[in-house]
Amino acid sequence: MACLASPFSIRCCEDSLGRFKTIHPSDAASSSTSLKFPEKSPVVLGPCPRPRRIILVRHGQSEGNVDEGAYTRIPDPRIGLTQKGWEEAEATGRKIKDMILGDGADDWKVYFYVSPYKRTLETLRGLGRAFERPRIAGVREEPRLREQDFGNFQDREKMRHEKSVRLRYGRFFYRFPNGESAADVYDRITGFRETLRADIDIGRFQPPGERSPNMNLVIVSHGLTLRVFLMRWYKWTVEQFEGLTNFCNGGMLVMQTGYGGRYSLLVHHSPEELQELGLTEAMLVDQEWQKIAKPGELNYDSLTNGPSFFTHF
């Protein structure tokens with residue numbers, strides 16, 4: 001929310017690094033209609049505050065998780081949650097709300113990105129029961145967050161064979177017949193990441209005229225898709241990706257802004273929790289750096305950026 005800094009200027013809200021931008025009232029008035037579309041505004045208000053968190057949530061237990069035969073009868077996008085899955089989704093929603101309330105802020109909100117599959121949409125509805133309407137800034141259905149494509153109707157025995165072959169070939173590059181590899185998912189997640197970064201930069205999920213630092217983004221998706229998202233965001237290697245384990249159904253992982261404004265998994269989670277998910281010592285060291293670094297900085301000592309690719313040193 002803007003506030004008057006003097007009779008002749010407007011002091012805009014603080015960004016995540018504590019900086020302010022001053023503009024002239026006449027410029028602000030001329031851009032009032034552009035508040036609905038920040039990217040089209042002729043007035044540069046300065047960086048929008050980054051959301052406090054990006055919360056990754058895997059869908060609750062689905063019919064396919066308890067009965068692999070469901071994939072032979074029901075199209076993958078139409079497989080819904082079990083009763084336990086609904087309960088997991090509602091419990092995760094309450095957990096997210098309690099975490100946000102712990103910040104002590106009055107103006108917090110949540111904004112959701114969700115895969116269009118039935119089980120993720122139902123998980124979204126379960127999560128949403130924890131939040132009053134004014135706390136939900138919006139929802140966007142995002143097809144690029146869908147599950148890895150395993151083909152159409154699946155033959156159970158053939159799929160078991162394909163998954164055993166994948167273990168020998170490599171989980172990242174193996175492409176299922178008529179389906180996708182994790183590398184294919186990486187390509188579409190790269191597009192989603194760029195959209196998400198643009199949304200963050202311009203505050204597209206913020207209500208018109210608001211620039212609160214207490215926004216929380218929730219991404220409701222699928223196990224492999226979320227692991228690929230983390231790989232893409234943190235620039236993990238293929239080897240590091242293949243060492244990761246899946247989220248549990250209804251599980252969540254929290255990327256939270258650190259001291260410099262970057263997102264780190266170690267702000268909310270302990271090293272032990274992340275090790276259980278498959279993060280190595282080198283990945284944890286990088287997460288420690290993420291806690292203190294500023295956006296735009298590069299960790300030249302990280303495994304993915306540094307000299308570890310070379311063998312002649």
# chains A, B, ... in the order shown; residues from 1 in each chain; ligands from 1
$ residues_around --residues "Asp107 (chain A)" --least-positions-apart "3" --cutoff "12 Å" --atoms "only C-alpha atoms" --output "ChimeraX atom specification"
/A:1,100-101,103-104,110,134-137,206-207,210-216
$ residues_around --residues "region 266-273 of chain A" --least-positions-apart "4" --cutoff "9 Å" --atoms "only C-alpha atoms" --output "PDB file with N, CA and C atoms, in the first residue's frame"
ATOM      1  N   LEU A 253       6.847 -29.171   0.995  1.00  0.00           N
ATOM      2  CA  LEU A 253       8.215 -28.687   1.140  1.00  0.00           C
ATOM      3  C   LEU A 253       8.160 -27.178   0.984  1.00  0.00           C
ATOM      4  N   VAL A 254       8.851 -26.463   1.888  1.00  0.00           N
ATOM      5  CA  VAL A 254       8.720 -25.009   1.962  1.00  0.00           C
ATOM      6  C   VAL A 254      10.017 -24.325   1.527  1.00  0.00           C
ATOM      7  N   MET A 255       9.909 -23.529   0.476  1.00  0.00           N
ATOM      8  CA  MET A 255      11.001 -22.640   0.053  1.00  0.00           C
ATOM      9  C   MET A 255      10.677 -21.271   0.646  1.00  0.00           C
ATOM     10  N   GLN A 256      11.515 -20.785   1.531  1.00  0.00           N
ATOM     11  CA  GLN A 256      11.224 -19.534   2.244  1.00  0.00           C
ATOM     12  C   GLN A 256      12.371 -18.543   2.074  1.00  0.00           C
ATOM     13  N   THR A 257      12.019 -17.263   1.995  1.00  0.00           N
ATOM     14  CA  THR A 257      13.045 -16.239   1.810  1.00  0.00           C
ATOM     15  C   THR A 257      13.960 -16.178   3.026  1.00  0.00           C
ATOM     16  N   GLY A 258      15.253 -16.077   2.738  1.00  0.00           N
ATOM     17  CA  GLY A 258      16.250 -15.946   3.786  1.00  0.00           C
ATOM     18  C   GLY A 258      16.616 -14.495   4.010  1.00  0.00           C
ATOM     19  N   LEU A 277      14.983 -36.624   2.107  1.00  0.00           N
ATOM     20  CA  LEU A 277      14.483 -36.453   0.743  1.00  0.00           C
ATOM     21  C   LEU A 277      15.563 -36.696  -0.302  1.00  0.00           C
ATOM     22  N   LEU A 279      18.758 -34.991  -0.338  1.00  0.00           N
ATOM     23  CA  LEU A 279      19.733 -33.923  -0.550  1.00  0.00           C
ATOM     24  C   LEU A 279      21.086 -34.349   0.015  1.00  0.00           C
ATOM     25  N   LEU A 284      23.134 -29.354   0.614  1.00  0.00           N
ATOM     26  CA  LEU A 284      22.820 -28.657   1.869  1.00  0.00           C
ATOM     27  C   LEU A 284      23.718 -27.434   2.053  1.00  0.00           C
ATOM     28  N   GLN A 287      22.232 -24.789   0.054  1.00  0.00           N
ATOM     29  CA  GLN A 287      21.035 -24.242   0.697  1.00  0.00           C
ATOM     30  C   GLN A 287      21.390 -23.272   1.822  1.00  0.00           C
ATOM     31  N   GLU A 288      22.488 -23.528   2.519  1.00  0.00           N
ATOM     32  CA  GLU A 288      22.956 -22.577   3.527  1.00  0.00           C
ATOM     33  C   GLU A 288      23.327 -21.249   2.866  1.00  0.00           C
ATOM     34  N   GLN A 290      22.052 -20.160   0.070  1.00  0.00           N
ATOM     35  CA  GLN A 290      20.793 -19.558  -0.380  1.00  0.00           C
ATOM     36  C   GLN A 290      20.128 -18.753   0.752  1.00  0.00           C
ATOM     37  N   LYS A 291      20.355 -19.141   1.996  1.00  0.00           N
ATOM     38  CA  LYS A 291      19.741 -18.456   3.137  1.00  0.00           C
ATOM     39  C   LYS A 291      20.240 -17.024   3.297  1.00  0.00           C
TER      40      LYS A 291
END
$ atom_distance --atom1 "CA of Thr123 (chain A)" --atom2 "CA of Val139 (chain A)"
13.0 Å
$ closest_residue --among "A:Gln240, A:Gln148, A:Ser62, A:Thr190" --to "Tyr174 (chain A)" --atoms "only C-alpha atoms"
A:Gln148
$ residues_around --residues "Glu239 (chain A)" --least-positions-apart "2" --cutoff "12 Å" --atoms "only C-alpha atoms" --output "list in words"
Gly170, Arg171, Phe172, Phe173, Met231, Lys235, Trp236, Thr237, Phe241, Glu242, Gly243, Leu244, Gly278, Leu279, Thr280, Met283, Leu303 and Thr304 of chain A
$ atom_distance --atom1 "CA of Met252 (chain A)" --atom2 "CA of Arg58 (chain A)"
6.4 Å
$ atom_distance --atom1 "CA of Phe150 (chain A)" --atom2 "CA of Arg175 (chain A)"
8.5 Å
$ residues_around --residues "Pro116 (chain A)" --least-positions-apart "3" --cutoff "8 Å" --atoms "only C-alpha atoms" --output "VMD selection string"
chain A and resid 77 120 to 121 141 to 143 145 to 146
$ residues_around --residues "Cys48 (chain A)" --least-positions-apart "4" --cutoff "7 Å" --atoms "only C-alpha atoms" --output "count of residues only"
5
$ closest_residue --among "A:Thr245, A:Arg188, A:Phe310, A:Gln83" --to "Gln275 (chain A)" --atoms "only C-alpha atoms"
A:Thr245
$ select_by_dssp --residues "region 66-299 of chain A" --states "helix (DSSP H, G or I)" --output "PyMOL selection string"
chain A and resi 66+70-73+76-78+83-101+118-128+133-135+143-145+156-169+182-202+223-234+238-242+271-276+281-292
$ closest_residue --among "A:His222, A:Ala183, A:Asn249, A:Val285" --to "Val66 (chain A)" --atoms "only C-alpha atoms"
A:Asn249
$ residues_around --residues "Phe153 (chain A)" --least-positions-apart "2" --cutoff "8 Å" --atoms "only C-alpha atoms" --output "PyMOL selection string"
chain A and resi 71-76+151+155
$ write_last_selection --atoms "N, CA and C atoms" --output "PDB file, in the first residue's frame"
ATOM      1  N   TYR A  71      -5.353 -47.312 -13.250  1.00  0.00           N
ATOM      2  CA  TYR A  71      -4.818 -46.669 -14.452  1.00  0.00           C
ATOM      3  C   TYR A  71      -5.223 -47.404 -15.724  1.00  0.00           C
ATOM      4  N   THR A  72      -5.665 -48.661 -15.602  1.00  0.00           N
ATOM      5  CA  THR A  72      -6.103 -49.414 -16.783  1.00  0.00           C
ATOM      6  C   THR A  72      -7.552 -49.098 -17.131  1.00  0.00           C
ATOM      7  N   ARG A  73      -8.304 -48.508 -16.179  1.00  0.00           N
ATOM      8  CA  ARG A  73      -9.737 -48.247 -16.383  1.00  0.00           C
ATOM      9  C   ARG A  73     -10.069 -46.765 -16.481  1.00  0.00           C
ATOM     10  N   ILE A  74      -9.269 -45.945 -15.800  1.00  0.00           N
ATOM     11  CA  ILE A  74      -9.586 -44.522 -15.667  1.00  0.00           C
ATOM     12  C   ILE A  74      -8.446 -43.706 -16.271  1.00  0.00           C
ATOM     13  N   PRO A  75      -8.738 -42.721 -17.108  1.00  0.00           N
ATOM     14  CA  PRO A  75      -7.662 -41.844 -17.594  1.00  0.00           C
ATOM     15  C   PRO A  75      -6.941 -41.195 -16.424  1.00  0.00           C
ATOM     16  N   ASP A  76      -5.628 -41.129 -16.519  1.00  0.00           N
ATOM     17  CA  ASP A  76      -4.825 -40.587 -15.423  1.00  0.00           C
ATOM     18  C   ASP A  76      -5.338 -39.227 -14.930  1.00  0.00           C
ATOM     19  N   GLY A 151       1.752 -42.375 -20.903  1.00  0.00           N
ATOM     20  CA  GLY A 151       0.964 -42.964 -21.977  1.00  0.00           C
ATOM     21  C   GLY A 151      -0.506 -42.803 -21.635  1.00  0.00           C
ATOM     22  N   ASP A 155      -1.292 -50.515 -19.248  1.00  0.00           N
ATOM     23  CA  ASP A 155      -1.295 -51.944 -18.990  1.00  0.00           C
ATOM     24  C   ASP A 155      -0.426 -52.200 -17.761  1.00  0.00           C
TER      25      ASP A 155
END
$ closest_residue --among "A:Tyr169, A:Phe229, A:Phe112, A:Phe176" --to "Gly191 (chain A)" --atoms "only C-alpha atoms"
A:Phe229
$ closest_residue --among "A:Asp286, A:Asp149, A:Asp98, A:Glu68" --to "Leu224 (chain A)" --atoms "only C-alpha atoms"
A:Asp149
